>>> print(open('work-v6.cif').read())   # mmCIF, C-alpha atoms
data_protein
#
loop_
_atom_site.label_atom_id
_atom_site.label_comp_id
_atom_site.auth_asym_id
_atom_site.auth_seq_id
_atom_site.Cartn_x
_atom_site.Cartn_y
_atom_site.Cartn_z
CA MET A 211 9.82 15.05 17.08
CA GLU A 212 7.58 14.16 20.01
CA ILE A 213 6.61 10.52 20.56
CA LYS A 214 3.50 9.38 22.38
CA GLN A 215 2.13 5.90 22.80
CA ASN A 216 -1.07 4.27 24.00
CA ILE A 217 -2.01 0.65 24.58
CA ILE A 218 -5.22 0.33 22.58
CA SER A 219 -5.87 -3.41 22.90
CA HIS A 220 -4.48 -6.80 23.84
CA TYR A 221 -4.13 -9.63 21.35
CA ASN A 222 -2.55 -13.07 21.66
CA GLY A 223 -1.24 -12.10 25.07
CA GLN A 224 0.55 -9.00 23.81
CA ASP A 225 -0.12 -5.27 23.99
CA ILE A 226 -1.26 -3.56 20.81
CA ILE A 227 0.35 -0.11 20.90
CA GLU A 228 -0.48 2.95 18.84
CA TYR A 229 2.50 5.25 18.48
CA GLN A 230 2.23 8.94 17.57
CA MET A 231 5.12 10.75 15.91
CA ILE A 232 4.39 14.47 16.14
CA MET A 233 6.33 17.33 14.59
CA ALA A 234 6.27 20.86 16.06
CA ASN A 235 4.25 22.22 13.13
CA GLY A 236 1.42 19.70 13.64
CA PHE A 237 2.37 17.07 11.06
CA GLN A 238 1.69 13.73 12.70
CA VAL A 239 1.87 10.04 11.79
CA ASN A 240 0.29 7.35 13.95
CA PHE A 241 1.01 3.63 13.54
CA LEU A 242 0.59 0.33 15.35
CA ASN A 243 3.11 -2.32 16.34
CA TYR A 244 0.57 -4.69 14.76
CA GLY A 245 1.04 -5.07 11.01
CA CYS A 246 2.90 -1.73 10.79
CA ILE A 247 -0.60 -0.29 10.35
CA ILE A 248 -0.68 3.47 9.73
CA THR A 249 -3.76 4.69 11.59
CA ALA A 250 -3.49 8.44 10.97
CA ILE A 251 -1.61 11.08 9.00
CA PHE A 252 -2.42 14.65 9.98
CA ALA A 253 -1.66 16.91 7.00
CA PRO A 254 -2.39 20.64 6.51
CA ASP A 255 -5.07 22.19 4.29
CA LYS A 256 -5.23 25.67 2.71
CA ASN A 257 -6.07 27.17 6.12
CA ASN A 258 -3.19 25.30 7.79
CA HIS A 259 -5.64 23.04 9.60
CA TYR A 260 -4.19 19.58 10.20
CA THR A 261 -6.68 16.76 9.62
CA ASN A 262 -6.30 12.98 9.36
CA VAL A 263 -6.25 12.06 5.65
CA VAL A 264 -6.20 8.24 5.85
CA LEU A 265 -9.00 5.87 6.84
CA LYS A 266 -8.91 3.83 10.03
CA HIS A 267 -11.24 1.47 11.85
CA ALA A 268 -13.04 2.91 14.87
CA LYS A 269 -11.74 0.09 17.08
CA PHE A 270 -8.83 -2.30 16.82
CA ASN A 271 -9.80 -5.37 14.84
CA PRO A 272 -7.05 -7.97 14.32
CA GLU A 273 -8.63 -8.98 11.02
CA ASN A 274 -8.39 -5.36 9.78
CA PRO A 275 -10.99 -5.72 6.99
CA GLY A 276 -9.77 -3.98 3.85
CA HIS A 277 -6.15 -3.98 5.12
CA PHE A 278 -6.51 -0.35 6.26
CA GLY A 279 -3.06 1.25 6.48
CA ALA A 280 -1.24 -2.08 6.68
CA LEU A 281 2.07 -3.26 5.37
CA THR A 282 1.00 -6.08 3.04
CA GLY A 283 3.13 -9.14 2.33
CA ARG A 284 5.10 -11.27 2.12
CA VAL A 285 3.60 -10.71 -1.32
CA ALA A 286 1.21 -7.83 -1.98
CA GLY A 287 -1.73 -8.44 -4.27
CA ARG A 288 -3.15 -11.74 -5.48
CA ILE A 289 -1.22 -14.91 -6.25
CA ALA A 290 -3.25 -16.94 -8.73
CA SER A 291 -4.78 -20.15 -7.37
CA ALA A 292 -2.74 -19.57 -4.19
CA GLN A 293 0.32 -21.37 -5.52
CA PHE A 294 3.60 -20.79 -7.31
CA GLU A 295 6.72 -22.59 -8.49
CA LEU A 296 10.23 -21.68 -7.36
CA ASP A 297 13.42 -23.70 -7.83
CA ASN A 298 11.39 -26.68 -9.12
CA ASN A 299 9.22 -26.77 -6.01
CA ILE A 300 5.47 -26.05 -5.93
CA TYR A 301 4.38 -23.95 -2.95
CA LYS A 302 0.74 -24.03 -1.95
CA LEU A 303 -0.59 -21.07 0.03
CA MET A 304 -3.86 -20.52 1.84
CA PRO A 305 -6.55 -18.96 -0.37
CA ASN A 306 -8.25 -15.97 1.24
CA ASN A 307 -9.70 -14.17 -1.80
CA LYS A 308 -11.85 -16.59 -3.77
CA MET A 309 -9.32 -19.20 -4.94
CA HIS A 310 -6.39 -16.78 -4.72
CA ASN A 311 -3.94 -15.76 -2.01
CA LEU A 312 -4.27 -12.02 -1.28
CA HIS A 313 -1.65 -9.83 0.44
CA GLY A 314 0.25 -12.77 1.91
CA GLY A 315 -2.81 -14.63 3.15
CA PRO A 316 -4.74 -14.67 6.42
CA ASN A 317 -1.55 -14.77 8.50
CA GLY A 318 0.53 -12.30 6.50
CA LEU A 319 2.90 -9.61 7.73
CA ASP A 320 -0.10 -7.38 8.44
CA LYS A 321 -1.21 -9.84 11.16
CA GLN A 322 2.10 -9.92 13.05
CA ILE A 323 3.33 -7.93 16.03
CA TRP A 324 6.51 -6.04 15.17
CA ASN A 325 9.34 -4.78 17.35
CA VAL A 326 9.56 -0.97 17.40
CA GLN A 327 12.46 1.35 18.14
CA PHE A 328 12.79 5.08 17.54
CA VAL A 329 15.51 7.14 15.91
CA ASN A 330 15.85 10.93 15.60
CA ASP A 331 13.51 11.23 12.62
CA GLY A 332 11.13 8.31 13.00
CA ALA A 333 10.68 4.65 13.79
CA ILE A 334 12.25 1.34 12.78
CA LEU A 335 10.09 -1.78 12.93
CA ASN A 336 11.40 -5.31 12.49
CA TYR A 337 9.99 -8.81 12.34
CA LEU A 338 11.61 -12.19 11.71
CA SER A 339 9.29 -14.32 9.61
CA PRO A 340 10.10 -18.03 10.03
CA ASP A 341 10.56 -20.46 7.17
CA ASN A 342 7.22 -21.67 5.77
CA GLU A 343 5.21 -18.96 7.51
CA SER A 344 1.97 -18.70 5.53
CA GLY A 345 3.45 -21.29 3.17
CA PHE A 346 6.30 -19.14 1.83
CA PRO A 347 9.84 -20.57 1.68
CA SER A 348 12.78 -19.19 3.67
CA SER A 349 13.01 -17.29 6.90
CA VAL A 350 13.11 -13.55 6.22
CA GLU A 351 14.22 -10.64 8.36
CA PHE A 352 11.93 -7.69 7.57
CA ILE A 353 12.71 -4.08 8.46
CA VAL A 354 10.34 -1.14 7.91
CA GLU A 355 11.30 2.50 8.43
CA TYR A 356 8.75 5.29 8.94
CA LEU A 357 10.69 8.57 8.85
CA ILE A 358 9.04 12.00 9.05
CA THR A 359 10.14 15.60 8.53
CA GLN A 360 9.03 19.10 9.51
CA GLU A 361 8.27 19.57 5.77
CA ASN A 362 5.28 17.21 6.05
CA SER A 363 6.87 14.16 4.46
CA LEU A 364 6.74 10.50 5.43
CA THR A 365 9.38 8.16 4.02
CA LEU A 366 8.58 4.45 3.93
CA ASN A 367 11.62 2.22 3.49
CA TYR A 368 11.28 -1.56 3.30
CA TYR A 369 14.13 -4.07 3.63
CA ALA A 370 14.03 -7.86 3.64
CA LYS A 371 16.86 -10.36 3.88
CA PRO A 372 15.94 -13.99 3.18
CA SER A 373 18.00 -16.98 4.34
CA SER A 374 17.28 -18.81 1.06
CA ASN A 375 15.45 -18.14 -2.20
CA THR A 376 11.92 -16.79 -1.86
CA ILE A 377 9.47 -14.23 -3.24
CA ILE A 378 8.79 -10.76 -1.77
CA ASN A 379 6.64 -7.82 -2.85
CA LEU A 380 5.71 -5.26 -0.21
CA THR A 381 3.46 -2.21 -0.19
CA ASN A 382 1.43 -0.07 2.17
CA HIS A 383 -2.36 -0.22 1.91
CA SER A 384 -3.38 3.22 3.22
CA TYR A 385 -6.67 4.68 1.99
CA PHE A 386 -6.24 8.37 1.20
CA ASP A 387 -8.97 10.96 1.49
CA LEU A 388 -7.35 14.37 1.20
CA SER A 389 -10.77 16.01 1.52
CA GLY A 390 -10.90 14.87 5.14
CA GLY A 391 -14.26 13.16 4.70
CA ILE A 392 -15.96 15.88 2.65
CA ASN A 393 -15.93 14.43 -0.87
CA PRO A 394 -13.27 11.80 -1.63
CA LEU A 395 -14.56 11.24 -5.19
CA ASN A 396 -13.58 14.81 -6.09
CA GLN A 397 -9.91 14.00 -5.50
CA GLN A 398 -7.80 14.39 -8.64
CA LEU A 399 -5.04 12.02 -9.67
CA GLN A 400 -2.07 12.08 -12.02
CA ILE A 401 -0.06 8.96 -12.86
CA ASN A 402 2.37 8.92 -15.78
CA ALA A 403 1.57 5.43 -17.08
CA ASP A 404 1.02 4.47 -20.71
CA TYR A 405 -0.13 0.94 -19.92
CA TYR A 406 -2.15 -0.95 -17.33
CA ALA A 407 -2.71 -4.64 -16.58
CA GLU A 408 -6.21 -5.98 -17.08
CA ILE A 409 -7.89 -8.26 -14.51
CA ASP A 410 -10.36 -11.12 -14.82
CA THR A 411 -13.63 -11.59 -12.93
CA THR A 412 -11.77 -13.04 -9.92
CA GLY A 413 -9.55 -9.96 -9.60
CA ILE A 414 -6.34 -11.64 -10.77
CA VAL A 415 -4.25 -10.00 -13.49
CA SER A 416 -5.23 -11.71 -16.74
CA GLY A 417 -1.88 -11.44 -18.54
CA VAL A 418 -3.15 -8.72 -20.85
CA ILE A 419 -1.32 -5.38 -20.91
CA SER A 420 -3.37 -2.61 -22.54
CA SER A 421 -2.84 1.02 -23.48
CA VAL A 422 -4.46 3.59 -21.20
CA ALA A 423 -5.29 5.78 -24.21
CA ASP A 424 -9.01 6.58 -24.49
CA THR A 425 -9.80 4.62 -21.33
CA PRO A 426 -10.62 5.53 -17.69
CA PHE A 427 -7.07 4.40 -16.86
CA ASP A 428 -5.47 7.39 -18.56
CA PHE A 429 -4.16 9.58 -15.73
CA ARG A 430 -1.31 11.08 -17.70
CA ARG A 431 -3.04 14.39 -17.15
CA MET A 432 -4.62 15.29 -13.82
CA LYS A 433 -8.26 14.24 -13.66
CA MET A 434 -11.03 13.60 -11.14
CA LEU A 435 -11.45 10.05 -9.86
CA HIS A 436 -15.25 10.13 -10.03
CA SER A 437 -15.43 10.17 -13.82
CA GLY A 438 -13.54 6.89 -14.11
CA ILE A 439 -15.34 5.08 -11.30
CA VAL A 440 -18.75 5.64 -12.93
CA SER A 441 -17.46 4.60 -16.37
CA SER A 442 -19.09 1.77 -18.34
CA HIS A 443 -15.65 0.45 -19.37
CA PRO A 444 -15.67 -3.38 -19.00
CA GLN A 445 -12.61 -3.38 -16.73
CA ILE A 446 -14.24 -0.84 -14.41
CA GLN A 447 -17.44 -2.89 -14.38
CA ILE A 448 -15.56 -6.08 -13.44
CA ALA A 449 -14.09 -4.48 -10.31
CA ASN A 450 -16.87 -1.97 -9.56
CA GLY A 451 -14.18 0.68 -9.85
CA TYR A 452 -10.41 0.63 -10.02
CA ASP A 453 -8.40 -2.35 -8.80
CA HIS A 454 -5.69 -2.37 -11.46
CA PRO A 455 -1.91 -2.17 -11.80
CA LEU A 456 -0.63 0.82 -13.75
CA ILE A 457 2.88 0.42 -15.16
CA LEU A 458 4.79 3.55 -14.17
CA LYS A 459 6.63 5.54 -16.81
CA ASP A 460 8.11 7.73 -14.10
CA GLN A 461 8.00 7.23 -10.37
CA ARG A 462 5.99 10.28 -9.28
CA ILE A 463 2.28 10.09 -8.48
CA ILE A 464 0.20 13.15 -7.58
CA LEU A 465 -3.11 13.21 -5.69
CA THR A 466 -4.87 16.50 -4.94
CA ASP A 467 -8.11 17.72 -3.42
CA PRO A 468 -9.52 20.87 -5.07
CA LEU A 469 -11.49 22.00 -2.00
CA THR A 470 -8.93 21.72 0.78
CA LYS A 471 -5.97 22.25 -1.61
CA ARG A 472 -4.13 19.35 -0.03
CA GLN A 473 -1.68 17.55 -2.28
CA LEU A 474 0.15 14.26 -1.92
CA ASP A 475 3.19 13.51 -4.07
CA ILE A 476 4.34 9.89 -3.97
CA ILE A 477 7.89 9.27 -5.13
CA THR A 478 8.75 5.59 -5.46
CA ASP A 479 11.39 3.28 -6.86
CA GLN A 480 8.78 0.66 -7.72
CA ASP A 481 7.57 -0.12 -11.25
CA VAL A 482 3.84 -0.45 -10.63
CA CYS A 483 1.09 1.41 -8.81
CA VAL A 484 -2.01 -0.62 -8.06
CA LEU A 485 -4.88 1.86 -8.10
CA TYR A 486 -7.70 0.72 -5.80
CA SER A 487 -10.78 2.89 -5.36
CA ALA A 488 -12.09 1.34 -2.12
CA ASN A 489 -14.77 -0.49 -4.10
CA HIS A 490 -16.00 -2.43 -1.07
CA ILE A 491 -16.72 0.76 0.94
CA LYS A 492 -18.52 2.94 -1.60
CA HIS A 493 -15.36 4.50 -3.08
CA SER A 494 -14.74 6.53 0.06
CA ALA A 495 -10.98 6.81 -0.46
CA ILE A 496 -8.18 5.79 -2.82
CA CYS A 497 -5.25 3.39 -2.39
CA LEU A 498 -2.04 3.98 -4.31
CA GLU A 499 -0.07 0.77 -3.80
CA THR A 500 3.48 1.14 -5.13
CA GLN A 501 4.96 -2.31 -5.67
CA ALA A 502 6.03 -4.89 -8.24
CA MET A 503 3.47 -6.42 -10.60
CA PRO A 504 0.84 -8.56 -8.80
CA ASN A 505 1.07 -12.31 -9.45
CA ALA A 506 4.52 -11.67 -10.96
CA ILE A 507 5.82 -15.08 -9.89
CA ASN A 508 3.25 -16.74 -12.18
CA TRP A 509 3.84 -14.31 -15.05
CA PRO A 510 7.05 -15.20 -16.96
CA GLU A 511 7.81 -11.63 -18.03
CA TYR A 512 7.68 -10.38 -14.44
CA ARG A 513 8.66 -13.29 -12.18
CA GLU A 514 12.28 -12.20 -11.67
CA SER A 515 11.04 -8.91 -10.19
CA VAL A 516 9.84 -10.70 -7.02
CA ILE A 517 12.50 -13.40 -6.53
CA TYR A 518 15.04 -12.61 -3.79
CA THR A 519 17.97 -14.51 -2.34
CA PRO A 520 20.54 -14.15 0.48
CA HIS A 521 22.77 -12.42 -2.08
CA LYS A 522 19.95 -10.31 -3.52
CA PRO A 523 18.02 -8.81 -0.57
CA TYR A 524 14.84 -6.82 -1.09
CA ASN A 525 14.55 -3.06 -0.62
CA SER A 526 12.01 -0.42 -1.57
CA HIS A 527 12.06 3.35 -1.07
CA ASN A 528 8.92 5.51 -1.07
CA VAL A 529 8.24 9.12 -0.04
CA TRP A 530 4.81 10.57 0.71
CA GLN A 531 5.17 14.35 0.49
CA PHE A 532 2.17 16.34 1.69
CA SER A 533 1.74 19.98 0.71
CA VAL A 534 -0.81 22.68 -0.08
CA THR A 535 -1.39 23.79 -3.67
CA SER A 536 -1.77 27.43 -4.64
CA ASP A 537 -5.11 28.97 -5.64
CA GLU A 538 -3.81 29.79 -9.09
#
>>> encode(input="work-v6.cif", output="structure tokens")
Amino acid sequence: MEIKQNIISHYNGQDIIEYQMIMANGFQVNFLNYGCIITAIFAPDKNNHYTNVVLKHAKFNPENPGHFGALTGRVAGRIASAQFELDNNIYKLMPNNKMHNLHGGPNGLDKQIWNVQFVNDGAILNYLSPDNESGFPSSVEFIVEYLITQENSLTLNYYAKPSSNTIINLTNHSYFDLSGGINPLNQQLQINADYYAEIDTTGIVSGVISSVADTPFDFRRMKMLHSGIVSSHPQIQIANGYDHPLILKDQRIILTDPLTKRQLDIITDQDVCVLYSANHIKHSAICLETQAMPNAINWPEYRESVIYTPHKPYNSHNVWQFSVTSDE
């Protein structure tokens, strides 16, 4: 693995560095020390041409609109009314998505500068989040691993050790376009999920779990994204596309592009995939956010899935395996 690095900006008196991890075959993953943001993944197509298959901003923007490629947290997704109860205390967060707190708020983990060190097969990033940062209780030591292989895989491991009880739910917010900019709506998706969580008009999960049967949310068989995004289904109309948690029946998700023959298999140990069809940028890519249920802390059936303690640290394991499908 070859490692390159470039200082691409300066922010808050510190260098913003883009690192490139490059394998001999051309597989390459670029990321920043800011927000663990993945800025590029070069994956092969049917002609063995390596092209970037994730969206990035043309220039560094500390606000990173749309959370392109970022590690999101401390809590991914929306927390209703930007508050929650834990251990008989009410914690009030900063709203940054209507009245809700989204992806940890305006000063979340995606807005921090992380320490970076390299190992034989990738990078280890760490950040110590102080108690009450962004309104969340407990100091937390966060560790993120980006590990790559010659077989075109990227492993994303997340670890978090709190000093006292708190809530944690991490994911990566990369926008995938396996077509390489040709036609992202022709991408095809398979998710083995029998149920999805509905949302209300503010984007928060409503507390209703519905069957995917006979809806645009049925990805149990491979199908094109476009057909669902243009659906008249009320839940699609609310979000102008997909922005919904699918409850995973098994932990393998498959995304393919029929033109370039690129395929992405996501293997995760998480229970939910939030499917987001880049509704704010004309559905030009797809996010597959593997995580716990959004707003779990305010949802009695799910709240234990995001509560962590010094004796119960957080960890999550995810593999993004890129390949080329056959013409058959």
>>> closest_residue(input="work-v6.cif", among="A:His277, A:Lys302, A:Lys308, A:His383", to="Lys321 of chain A", atoms="all atoms listed in the file")
A:His277
>>> residues_around(input="work-v6.cif", residues="Gln215 of chain A", least_positions_apart="4", cutoff="10 Å", atoms="only C-alpha atoms", output="number ranges by chain")
A: 227-231, 240-242
>>> resolve_selection(input="work-v6.cif", expression="the PyMOL selection byres ((chain A and resi 530) around 6)", output="JSON, numbers by chain")
{"A": [363, 364, 475, 476, 529, 531]}
>>> resolve_selection(input="work-v6.cif", expression="the PyMOL selection byres ((chain A and resi 362) around 6)", output="PyMOL selection string")
chain A and resi 237+359-361+363+532
>>> closest_atom_pairs(input="work-v6.cif", of="segment 312-411 of chain A", to="segment 243-264 of chain A", cutoff="9 Å", atoms="all atoms listed in the file", output="tab-separated table")
residue	atom	partner	partner_atom	distance
A:Gly318	CA	A:Gly245	CA	8.5
A:Leu319	CA	A:Gly245	CA	5.9
A:Asp320	CA	A:Gly245	CA	3.6
A:Lys321	CA	A:Gly245	CA	5.3
A:Gln322	CA	A:Gly245	CA	5.4
A:Ile323	CA	A:Tyr244	CA	4.4
A:Trp324	CA	A:Asn243	CA	5.2
A:Asn325	CA	A:Asn243	CA	6.8
A:Val326	CA	A:Asn243	CA	6.7
A:Leu335	CA	A:Cys246	CA	7.5
A:Val354	CA	A:Cys246	CA	8.0
A:Asn362	CA	A:Ala253	CA	7.0
A:Asn382	CA	A:Ile247	CA	8.4
A:His383	CA	A:Ile247	CA	8.6
A:Ser384	CA	A:Val264	CA	6.3
A:Tyr385	CA	A:Val264	CA	5.3
A:Phe386	CA	A:Val264	CA	4.7
A:Asp387	CA	A:Val263	CA	5.1
A:Leu388	CA	A:Val263	CA	5.1
A:Ser389	CA	A:Val263	CA	7.3
A:Gly390	CA	A:Val263	CA	5.5
A:Gly391	CA	A:Val263	CA	8.1
>>> write_last_selection(input="work-v6.cif", atoms="C-alpha atoms", output="mmCIF file, keeping the file's coordinate frame")
data_model
loop_
_atom_site.group_PDB
_atom_site.id
_atom_site.type_symbol
_atom_site.label_atom_id
_atom_site.label_comp_id
_atom_site.auth_asym_id
_atom_site.auth_seq_id
_atom_site.Cartn_x
_atom_site.Cartn_y
_atom_site.Cartn_z
ATOM 1 C CA GLY A 318 0.530 -12.300 6.500
ATOM 2 C CA LEU A 319 2.900 -9.610 7.730
ATOM 3 C CA ASP A 320 -0.100 -7.380 8.440
ATOM 4 C CA LYS A 321 -1.210 -9.840 11.160
ATOM 5 C CA GLN A 322 2.100 -9.920 13.050
ATOM 6 C CA ILE A 323 3.330 -7.930 16.030
ATOM 7 C CA TRP A 324 6.510 -6.040 15.170
ATOM 8 C CA ASN A 325 9.340 -4.780 17.350
ATOM 9 C CA VAL A 326 9.560 -0.970 17.400
ATOM 10 C CA LEU A 335 10.090 -1.780 12.930
ATOM 11 C CA VAL A 354 10.340 -1.140 7.910
ATOM 12 C CA ASN A 362 5.280 17.210 6.050
ATOM 13 C CA ASN A 382 1.430 -0.070 2.170
ATOM 14 C CA HIS A 383 -2.360 -0.220 1.910
ATOM 15 C CA SER A 384 -3.380 3.220 3.220
ATOM 16 C CA TYR A 385 -6.670 4.680 1.990
ATOM 17 C CA PHE A 386 -6.240 8.370 1.200
ATOM 18 C CA ASP A 387 -8.970 10.960 1.490
ATOM 19 C CA LEU A 388 -7.350 14.370 1.200
ATOM 20 C CA SER A 389 -10.770 16.010 1.520
ATOM 21 C CA GLY A 390 -10.900 14.870 5.140
ATOM 22 C CA GLY A 391 -14.260 13.160 4.700
#
>>> resolve_selection(input="work-v6.cif", expression="the PyMOL selection byres ((chain A and resi 310) around 12)", output="list of chain:residue names")
A:Gly287, A:Arg288, A:Ile289, A:Ala290, A:Ser291, A:Ala292, A:Gln293, A:Phe294, A:Lys302, A:Leu303, A:Met304, A:Pro305, A:Asn306, A:Asn307, A:Lys308, A:Met309, A:Asn311, A:Leu312, A:His313, A:Gly314, A:Gly315, A:Pro316, A:Thr412, A:Gly413, A:Ile414, A:Val415, A:Pro504, A:Asn505
>>> closest_residue(input="work-v6.cif", among="A:Asp404, A:Asp297, A:Asp467, A:Asp331", to="Val482 of chain A", atoms="only C-alpha atoms")
A:Asp404
>>> atom_distance(input="work-v6.cif", atom1="atom CA of Gly276 of chain A", atom2="atom CA of Glu514 of chain A")
28.2 Å
>>> closest_residue(input="work-v6.cif", among="A:Thr519, A:Thr535, A:Ser420, A:Ser373", to="Thr470 of chain A", atoms="all atoms listed in the file")
A:Thr535
>>> closest_residue(input="work-v6.cif", among="A:Ile448, A:Ala370, A:Met432, A:Tyr406", to="Val418 of chain A", atoms="only C-alpha atoms")
A:Tyr406
>>> closest_residue(input="work-v6.cif", among="A:Asn379, A:Gln398, A:Ser437, A:Ser515", to="Gln501 of chain A", atoms="all atoms listed in the file")
A:Asn379
>>> atom_distance(input="work-v6.cif", atom1="atom CA of Ile491 of chain A", atom2="atom CA of Thr381 of chain A")
20.4 Å
>>> atom_distance(input="work-v6.cif", atom1="atom CA of Val285 of chain A", atom2="atom CA of Ala502 of chain A")
9.4 Å
>>> closest_residue(input="work-v6.cif", among="A:Pro523, A:Tyr512, A:Ser533, A:Gln445", to="Gln473 of chain A", atoms="only C-alpha atoms")
A:Ser533
>>> residues_around(input="work-v6.cif", residues="Pro455 of chain A", least_positions_apart="6", cutoff="9 Å", atoms="all atoms listed in the file", output="list in words")
Tyr405, Tyr406, Ala407, Glu408, Ile409, Val415, Val482, Cys483, Val484, Leu485, Tyr486, Glu499, Met503 and Pro504 of chain A
>>> decode(input="work-v6.cif", residues="segment 230-289 of chain A", atoms="C-alpha atoms", output="PDB file, in the first residue's frame")
ATOM      1  CA  GLN A 230      -4.519   8.644  -0.336  1.00  0.00           C
ATOM      2  CA  MET A 231      -4.210   4.917   0.299  1.00  0.00           C
ATOM      3  CA  ILE A 232      -3.294   3.285  -3.004  1.00  0.00           C
ATOM      4  CA  MET A 233      -3.009  -0.413  -3.783  1.00  0.00           C
ATOM      5  CA  ALA A 234      -0.802  -1.726  -6.608  1.00  0.00           C
ATOM      6  CA  ASN A 235      -3.812  -2.743  -8.711  1.00  0.00           C
ATOM      7  CA  GLY A 236      -5.278   0.788  -8.686  1.00  0.00           C
ATOM      8  CA  PHE A 237      -7.815   0.456  -5.868  1.00  0.00           C
ATOM      9  CA  GLN A 238      -7.618   3.691  -3.922  1.00  0.00           C
ATOM     10  CA  VAL A 239      -9.340   5.310  -0.937  1.00  0.00           C
ATOM     11  CA  ASN A 240      -8.896   8.991  -0.102  1.00  0.00           C
ATOM     12  CA  PHE A 241      -9.965  10.531   3.211  1.00  0.00           C
ATOM     13  CA  LEU A 242      -9.501  13.667   5.291  1.00  0.00           C
ATOM     14  CA  ASN A 243      -8.300  14.153   8.847  1.00  0.00           C
ATOM     15  CA  TYR A 244     -11.400  16.360   9.122  1.00  0.00           C
ATOM     16  CA  GLY A 245     -14.531  14.404  10.011  1.00  0.00           C
ATOM     17  CA  CYS A 246     -12.999  11.143   8.718  1.00  0.00           C
ATOM     18  CA  ILE A 247     -14.485  12.266   5.391  1.00  0.00           C
ATOM     19  CA  ILE A 248     -14.016   9.775   2.539  1.00  0.00           C
ATOM     20  CA  THR A 249     -13.399  11.924  -0.535  1.00  0.00           C
ATOM     21  CA  ALA A 250     -12.780   9.219  -3.147  1.00  0.00           C
ATOM     22  CA  ILE A 251     -12.941   5.485  -3.757  1.00  0.00           C
ATOM     23  CA  PHE A 252     -11.463   4.366  -7.067  1.00  0.00           C
ATOM     24  CA  ALA A 253     -13.077   1.047  -8.042  1.00  0.00           C
ATOM     25  CA  PRO A 254     -12.785  -0.958 -11.295  1.00  0.00           C
ATOM     26  CA  ASP A 255     -15.413  -1.302 -14.027  1.00  0.00           C
ATOM     27  CA  LYS A 256     -15.885  -4.060 -16.636  1.00  0.00           C
ATOM     28  CA  ASN A 257     -12.894  -2.710 -18.592  1.00  0.00           C
ATOM     29  CA  ASN A 258     -10.739  -2.574 -15.443  1.00  0.00           C
ATOM     30  CA  HIS A 259     -10.855   1.221 -15.470  1.00  0.00           C
ATOM     31  CA  TYR A 260     -10.670   2.665 -11.963  1.00  0.00           C
ATOM     32  CA  THR A 261     -13.019   5.608 -11.393  1.00  0.00           C
ATOM     33  CA  ASN A 262     -14.115   7.481  -8.273  1.00  0.00           C
ATOM     34  CA  VAL A 263     -17.536   6.127  -7.242  1.00  0.00           C
ATOM     35  CA  VAL A 264     -18.402   8.469  -4.339  1.00  0.00           C
ATOM     36  CA  LEU A 265     -19.401  12.130  -4.447  1.00  0.00           C
ATOM     37  CA  LYS A 266     -17.177  14.887  -3.100  1.00  0.00           C
ATOM     38  CA  HIS A 267     -17.258  18.669  -2.971  1.00  0.00           C
ATOM     39  CA  ALA A 268     -15.039  20.459  -5.472  1.00  0.00           C
ATOM     40  CA  LYS A 269     -13.357  22.428  -2.675  1.00  0.00           C
ATOM     41  CA  PHE A 270     -12.990  21.887   1.047  1.00  0.00           C
ATOM     42  CA  ASN A 271     -15.961  23.322   2.901  1.00  0.00           C
ATOM     43  CA  PRO A 272     -15.944  22.870   6.692  1.00  0.00           C
ATOM     44  CA  GLU A 273     -19.740  22.806   6.699  1.00  0.00           C
ATOM     45  CA  ASN A 274     -19.703  19.888   4.210  1.00  0.00           C
ATOM     46  CA  PRO A 275     -23.320  20.329   3.020  1.00  0.00           C
ATOM     47  CA  GLY A 276     -25.021  16.957   2.752  1.00  0.00           C
ATOM     48  CA  HIS A 277     -22.381  15.321   4.997  1.00  0.00           C
ATOM     49  CA  PHE A 278     -20.549  13.968   1.925  1.00  0.00           C
ATOM     50  CA  GLY A 279     -18.439  10.959   2.942  1.00  0.00           C
ATOM     51  CA  ALA A 280     -18.408  11.891   6.622  1.00  0.00           C
ATOM     52  CA  LEU A 281     -18.444   9.847   9.770  1.00  0.00           C
ATOM     53  CA  THR A 282     -21.687  11.020  11.394  1.00  0.00           C
ATOM     54  CA  GLY A 283     -22.230  11.139  15.145  1.00  0.00           C
ATOM     55  CA  ARG A 284     -22.147  11.058  18.056  1.00  0.00           C
ATOM     56  CA  VAL A 285     -25.597   9.944  16.934  1.00  0.00           C
ATOM     57  CA  ALA A 286     -26.399   9.397  13.260  1.00  0.00           C
ATOM     58  CA  GLY A 287     -29.800  10.461  11.997  1.00  0.00           C
ATOM     59  CA  ARG A 288     -32.357  12.704  13.665  1.00  0.00           C
ATOM     60  CA  ILE A 289     -33.065  12.983  17.383  1.00  0.00           C
TER      61      ILE A 289
END
